[in-house]
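A.B. asks: Dropping a structure here in structure tokens format, bear with me for questions.
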Amino acid sequence: MQHIDMTYIYDKAIQKALAASAKSADIKLHEGGIYAVFNGPRFESPAEIRMCAAMGVTVVGMTGVPEATLAREAGLRYAAIAAVANPAAGLSDEEISHEGVGEVIKGCAGNVITIIDGAIKILAS
């Protein structure tokens, strides 16, 4: 067991390449934020969302932090793109469903692929 420094969890060169790729493709990308994770497979409760809002969290998900931690522990360079797929519980009357989230993600897939493809070309040059 080892304790990994998580000060710089995301690789700055990859982040920069992702941002440049999105900009050149005219794809809106919000840089930065605070990501909170809750174990799935389940959506967050309204109380958890209120707690996150009080702490300044901007995006909530199930996988971003465990993935980043594993990459860091393995010594891998890592960055993330988070597609916001549903309103947080309690912030909307809209029902949150796995199917609805899947539809939003399918709609984002083309842009994500474009961003990653461009970032790979930037990093390879």
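Just remember, in the structure tokens the first chain shown is A, the second B, etc., residues are 1-based per chain, and ligands are 1-based in the order shown.
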Please identify all polymer residues within 10 Å of Gly56 (chain A), counting only C-alpha atoms, omitting same-chain residues fewer than 2 positions from it, and present them as a PyMOL selection string.

C.D. replies: chain A and resi 33-36+50-54+58-59

A.B. asks: Could you please take those selected residues and save N, CA and C atoms as a short mmCIF file (atom, residue, chain, number, x, y, z; two decimals), in the first residue's frame?

C.D. replies:
data_model
loop_
_atom_site.label_atom_id
_atom_site.label_comp_id
_atom_site.auth_asym_id
_atom_site.auth_seq_id
_atom_site.Cartn_x
_atom_site.Cartn_y
_atom_site.Cartn_z
N GLY A 33 -13.45 23.05 -12.25
CA GLY A 33 -14.61 22.68 -11.46
C GLY A 33 -14.21 21.76 -10.33
N ILE A 34 -15.18 21.39 -9.56
CA ILE A 34 -14.96 20.47 -8.44
C ILE A 34 -15.88 19.27 -8.64
N TYR A 35 -15.29 18.08 -8.72
CA TYR A 35 -16.02 16.85 -8.99
C TYR A 35 -16.18 16.07 -7.69
N ALA A 36 -17.40 15.68 -7.38
CA ALA A 36 -17.66 14.82 -6.23
C ALA A 36 -18.15 13.48 -6.74
N ARG A 50 -27.56 18.76 -2.07
CA ARG A 50 -27.51 19.99 -1.25
C ARG A 50 -26.16 20.09 -0.53
N MET A 51 -25.67 18.97 -0.01
CA MET A 51 -24.37 18.96 0.66
C MET A 51 -23.27 19.36 -0.32
N CYS A 52 -23.31 18.80 -1.52
CA CYS A 52 -22.31 19.13 -2.54
C CYS A 52 -22.36 20.61 -2.90
N ALA A 53 -23.56 21.14 -3.07
CA ALA A 53 -23.71 22.56 -3.41
C ALA A 53 -23.11 23.43 -2.31
N ALA A 54 -23.33 23.05 -1.06
CA ALA A 54 -22.78 23.82 0.06
C ALA A 54 -21.25 23.80 0.07
N THR A 58 -19.26 21.30 -8.43
CA THR A 58 -19.89 21.72 -9.68
C THR A 58 -20.36 20.54 -10.54
N VAL A 59 -19.80 19.35 -10.34
CA VAL A 59 -20.19 18.16 -11.09
C VAL A 59 -20.18 16.97 -10.14
#

A.B. asks: Just the residues within 12 Å of Lys121 (chain A), please, counting only C-alpha atoms, with nothing from its chain fewer than 6 positions along; format it as a list in words.

C.D. replies: Ile14, Ala17, Leu18, Ala20, Ser21, Thr114 and Ile115 of chain A

A.B. asks: What lies within 12 Å of Ala83 (chain A) using only C-alpha atoms, ignoring chain neighbours under 3 positions off, as a count of residues only?

C.D. replies: 23

A.B. asks: Write out as a ChimeraX atom specification each polymer residue whose atoms come within 12 Å of Pro41 (chain A), counting only C-alpha atoms; drop sequence neighbours fewer than 6 positions from it.

C.D. replies: /A:61-63,97-98

A.B. asks: Which residues, written as an mmCIF file with N, CA and C atoms, in the first residue's frame, have at least one atom at most 12 Å from Gly75 (chain A), with only C-alpha atoms counted and residues fewer than 3 positions away on the same chain left out?

C.D. replies:
data_model
loop_
_atom_site.group_PDB
_atom_site.id
_atom_site.type_symbol
_atom_site.label_atom_id
_atom_site.label_comp_id
_atom_site.auth_asym_id
_atom_site.auth_seq_id
_atom_site.Cartn_x
_atom_site.Cartn_y
_atom_site.Cartn_z
ATOM 1 N N ILE A 4 -0.570 8.080 -2.391
ATOM 2 C CA ILE A 4 -0.263 8.807 -3.617
ATOM 3 C C ILE A 4 -0.611 10.285 -3.448
ATOM 4 N N ASP A 5 0.281 11.144 -3.888
ATOM 5 C CA ASP A 5 0.024 12.591 -3.878
ATOM 6 C C ASP A 5 -1.023 12.912 -4.942
ATOM 7 N N MET A 6 -2.137 13.469 -4.526
ATOM 8 C CA MET A 6 -3.227 13.796 -5.450
ATOM 9 C C MET A 6 -3.308 15.298 -5.724
ATOM 10 N N ILE A 9 -3.856 15.867 -9.910
ATOM 11 C CA ILE A 9 -4.477 14.619 -10.351
ATOM 12 C C ILE A 9 -4.583 14.531 -11.871
ATOM 13 N N TYR A 10 -4.748 15.682 -12.537
ATOM 14 C CA TYR A 10 -4.896 15.699 -13.993
ATOM 15 C C TYR A 10 -3.618 16.197 -14.650
ATOM 16 N N ASP A 11 -3.242 15.564 -15.743
ATOM 17 C CA ASP A 11 -2.055 15.931 -16.495
ATOM 18 C C ASP A 11 -2.310 17.242 -17.239
ATOM 19 N N ALA A 68 -9.512 8.423 -11.694
ATOM 20 C CA ALA A 68 -8.356 9.311 -11.556
ATOM 21 C C ALA A 68 -7.376 8.772 -10.516
ATOM 22 N N THR A 69 -7.906 8.257 -9.430
ATOM 23 C CA THR A 69 -7.060 7.702 -8.375
ATOM 24 C C THR A 69 -6.284 6.486 -8.882
ATOM 25 N N LEU A 70 -6.965 5.589 -9.573
ATOM 26 C CA LEU A 70 -6.289 4.403 -10.113
ATOM 27 C C LEU A 70 -5.212 4.784 -11.124
ATOM 28 N N ALA A 71 -5.515 5.751 -11.980
ATOM 29 C CA ALA A 71 -4.517 6.206 -12.956
ATOM 30 C C ALA A 71 -3.295 6.765 -12.239
ATOM 31 N N ARG A 72 -3.544 7.547 -11.214
ATOM 32 C CA ARG A 72 -2.447 8.159 -10.452
ATOM 33 C C ARG A 72 -1.596 7.082 -9.785
ATOM 34 N N TYR A 78 -3.295 11.355 -16.967
ATOM 35 C CA TYR A 78 -4.753 11.254 -16.981
ATOM 36 C C TYR A 78 -5.387 12.631 -17.053
#

A.B. asks: I'd like the interatomic distance between CA of Lys12 (chain A) and CA of Asn39 (chain A), to a tenth of an Å.

C.D. replies: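 For CA of Lys12 (chain A) relative to CA of Asn39 (chain A), the distance reads 26.9 Å.
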
A.B. asks: Taking the chain letters and numbering used in this document, name the residues of chain A that DSSP puts in helix (DSSP H, G or I), as a PyMOL selection string.

C.D. replies: chain A and resi 12-24+46-54+64-73+98-124
